[in-house]
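So the structure is just underneath, and the comments pick up after that.
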Amino acid sequence: MKYFLYCMFASVALFVYLPAICQVTNTKVAKRNAVKLFDGKTFTGWDGDIGNTWHIEDGAIAGGSLEVPVAHNFFLTTTKPYSNFILKLQFKLVCKEGFMNAGVQFRSTKMNDPSYEMVGYQADLGPGYWASLYDESRRNKTLASTDSLLIAKLLKPDEWNDYEVRAVDNHIEILLNGVQTVDYTEADNTIPQQGLIGLQIHGGGKTKVWYKNIFITEMR
């Protein structure tokens, strides 16, 4: 009887413990698969107006200016395209005057005219757009807006914030400081689901943005 009870107890314990084992294993796999897109020292793997608009400051990518208005939109893009992925980074956005906006492009392409623009999805940043999904230079509209009351609770103004974009097939999620703000399913099958990732500083203001700790996990 004791042996039977022991075996039954052991089986139950293993059943309860297995999910925890699997969870830890999955977490470790995700970490192993995550690739650092920015090494904190160089612009290796990136393309843009480097040295003028984009600089490296204290291990972060910095774009824009707090002294003079940013002339127009600028994008620092990856040289490699991505399709299905989880992208994690940190951002800080500060504005002294004028329009305050930036964002993270994904599944995007560079335009020819004007050459400084991009076309594609954007995880938007800025008043009225925080952590929303915008369609840059294509449908030119917000595809999924956010709850302003939720944003007011989550956002750390002028400080570092965690940002995450999950794009798998036609499903897109955006998370701000660990909380989901966008859950969007693309209904238009003609919209490309692969492209470059781009860091934006928007034109029209004395605005500066910083991005750091940029990691991507490709989903297969």
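Going by the structure tokens order, chains are called A, B, ..., each with residues numbered from 1, while ligands are numbered from 1 in the order shown.
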Quick one: everything within 9 Å of Phe43 in chain A, counting only C-alpha atoms, minus sequence neighbours fewer than 5 positions away in the same chain. Send it as a ChimeraX atom specification. /A:38,50,55-56,61
Quick one: write out the picked residues with N, CA and C atoms as an mmCIF file, in the first residue's frame?
```cif
data_model
loop_
_atom_site.group_PDB
_atom_site.id
_atom_site.type_symbol
_atom_site.label_atom_id
_atom_site.label_comp_id
_atom_site.auth_asym_id
_atom_site.auth_seq_id
_atom_site.Cartn_x
_atom_site.Cartn_y
_atom_site.Cartn_z
ATOM 1 N N PHE A 38 21.759 45.100 -32.584
ATOM 2 C CA PHE A 38 22.656 46.240 -32.371
ATOM 3 C C PHE A 38 23.646 45.893 -31.283
ATOM 4 N N ILE A 50 23.813 57.715 -41.335
ATOM 5 C CA ILE A 50 24.717 57.509 -40.198
ATOM 6 C C ILE A 50 25.749 58.634 -40.122
ATOM 7 N N HIS A 55 23.421 58.487 -34.523
ATOM 8 C CA HIS A 55 24.683 58.394 -33.785
ATOM 9 C C HIS A 55 24.557 57.300 -32.734
ATOM 10 N N ILE A 56 25.674 56.942 -32.134
ATOM 11 C CA ILE A 56 25.682 56.009 -31.017
ATOM 12 C C ILE A 56 26.077 56.783 -29.765
ATOM 13 N N ILE A 61 21.358 53.691 -29.898
ATOM 14 C CA ILE A 61 21.216 54.397 -31.173
ATOM 15 C C ILE A 61 20.408 55.657 -30.912
#
```
Compile the contact shell of range 181-188 of chain A as a PyMOL selection string: residues with an atom at most 9 Å away, counting only C-alpha atoms, same-chain residues fewer than 3 positions apart removed. chain A and resi 131-133+143-147+150-151+169-176+191
Expected file: the selected residues, C-alpha atoms, as an mmCIF file, in the first residue's frame:
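Listing of part.cif after writing:
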```
data_model
loop_
_atom_site.group_PDB
_atom_site.id
_atom_site.type_symbol
_atom_site.label_atom_id
_atom_site.label_comp_id
_atom_site.auth_asym_id
_atom_site.auth_seq_id
_atom_site.Cartn_x
_atom_site.Cartn_y
_atom_site.Cartn_z
ATOM 1 C CA ALA A 131 2.127 51.780 -29.015
ATOM 2 C CA SER A 132 -0.417 51.794 -31.840
ATOM 3 C CA LEU A 133 -0.113 50.182 -35.280
ATOM 4 C CA LEU A 143 -4.694 50.235 -38.275
ATOM 5 C CA ALA A 144 -5.096 49.613 -34.537
ATOM 6 C CA SER A 145 -5.376 52.439 -32.023
ATOM 7 C CA THR A 146 -4.704 52.226 -28.297
ATOM 8 C CA ASP A 147 -6.552 53.033 -25.081
ATOM 9 C CA LEU A 150 -4.021 52.419 -20.498
ATOM 10 C CA ILE A 151 -1.148 54.295 -22.149
ATOM 11 C CA ASP A 169 1.851 35.288 -40.343
ATOM 12 C CA ASN A 170 -0.999 37.839 -40.511
ATOM 13 C CA HIS A 171 -1.175 38.348 -36.742
ATOM 14 C CA ILE A 172 0.528 41.368 -35.126
ATOM 15 C CA GLU A 173 0.821 42.230 -31.445
ATOM 16 C CA ILE A 174 2.449 45.256 -29.812
ATOM 17 C CA LEU A 175 3.377 45.423 -26.135
ATOM 18 C CA LEU A 176 4.424 48.463 -24.118
ATOM 19 C CA ILE A 191 -0.026 43.181 -48.025
#
```
Excluding range 95-108 of chain A and residues on its chain fewer than 3 positions from it, collect all residues at most 7 Å away from it, counting only C-alpha atoms, and give them as JSON, numbers by chain. {"A": [66, 82, 83, 118, 119, 120, 121, 122, 123, 124, 125, 126, 127, 193, 194, 195, 196, 197, 198, 199, 200, 201, 202, 204, 205, 206, 207, 208]}
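Of the listed residues A:Asp162, A:Tyr129, A:Phe75, A:Tyr116, the one whose atoms come nearest to Ser148 in chain A is A:Tyr129, with distances taken using only C-alpha atoms.
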Looking at A:Leu37, A:Val179, A:Val209, A:Val68, which one is nearest to Lys80 in chain A, with distances taken over only C-alpha atoms?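 The closest residue to Lys80 in chain A is A:Leu37.
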Among range 25-168 of chain A, which ones does DSSP assign to alpha helix (DSSP H) (computed from the backbone)? Answer as a list in words.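 These are the residues in question: Thr25, Asn26, Thr27, Lys28, Val29, Ala30, Lys31, Arg32, Asn33, Ser148, Leu149, Leu150, Ile151, Ala152, Lys153 and Leu154 of chain A.
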Residue subset to file, keeping N, CA and C atoms, as a compact mmCIF listing (two decimals), in the first residue's frame:
```txt
# COMPACT_ATOMS: atom_id res chain seq x y z
N THR A 25 12.20 25.29 -20.22
CA THR A 25 12.89 24.89 -21.44
C THR A 25 12.56 25.83 -22.59
N ASN A 26 11.27 26.16 -22.74
CA ASN A 26 10.86 27.06 -23.82
C ASN A 26 11.50 28.42 -23.66
N THR A 27 11.58 28.90 -22.42
CA THR A 27 12.19 30.20 -22.17
C THR A 27 13.66 30.19 -22.58
N LYS A 28 14.36 29.11 -22.24
CA LYS A 28 15.77 29.00 -22.58
C LYS A 28 15.97 28.93 -24.08
N VAL A 29 15.08 28.21 -24.77
CA VAL A 29 15.18 28.11 -26.23
C VAL A 29 15.00 29.49 -26.85
N ALA A 30 14.02 30.25 -26.35
CA ALA A 30 13.77 31.59 -26.88
C ALA A 30 15.00 32.48 -26.70
N LYS A 31 15.64 32.38 -25.55
CA LYS A 31 16.82 33.20 -25.29
C LYS A 31 17.97 32.80 -26.21
N ARG A 32 18.12 31.49 -26.43
CA ARG A 32 19.20 31.03 -27.31
C ARG A 32 18.98 31.49 -28.74
N ASN A 33 17.71 31.56 -29.15
CA ASN A 33 17.40 31.94 -30.53
C ASN A 33 17.40 33.44 -30.75
N SER A 148 -6.11 55.36 -24.47
CA SER A 148 -5.32 56.44 -23.89
C SER A 148 -5.16 56.31 -22.38
N LEU A 149 -6.17 55.78 -21.70
CA LEU A 149 -6.08 55.60 -20.24
C LEU A 149 -5.05 54.53 -19.90
N LEU A 150 -5.01 53.47 -20.71
CA LEU A 150 -4.02 52.42 -20.50
C LEU A 150 -2.62 52.95 -20.74
N ILE A 151 -2.46 53.72 -21.82
CA ILE A 151 -1.15 54.29 -22.15
C ILE A 151 -0.67 55.20 -21.02
N ALA A 152 -1.58 55.98 -20.45
CA ALA A 152 -1.21 56.89 -19.35
C ALA A 152 -0.66 56.11 -18.15
N LYS A 153 -1.15 54.90 -17.95
CA LYS A 153 -0.67 54.07 -16.84
C LYS A 153 0.67 53.40 -17.17
N LEU A 154 0.86 53.05 -18.44
CA LEU A 154 2.02 52.26 -18.83
C LEU A 154 3.25 53.10 -19.17
```
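Among A:Val70, A:Ile86, A:Met111, A:Val94, the residue with the shortest atom-to-atom distance to Met219 in chain A, counting only C-alpha atoms, is A:Ile86.
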Shell around Trp210 in chain A at 6 Å using only C-alpha atoms, local window under 6 positions removed, as a list in words: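 The residues that qualify are Ile61, Ala62, Phe91 and Lys92 of chain A.
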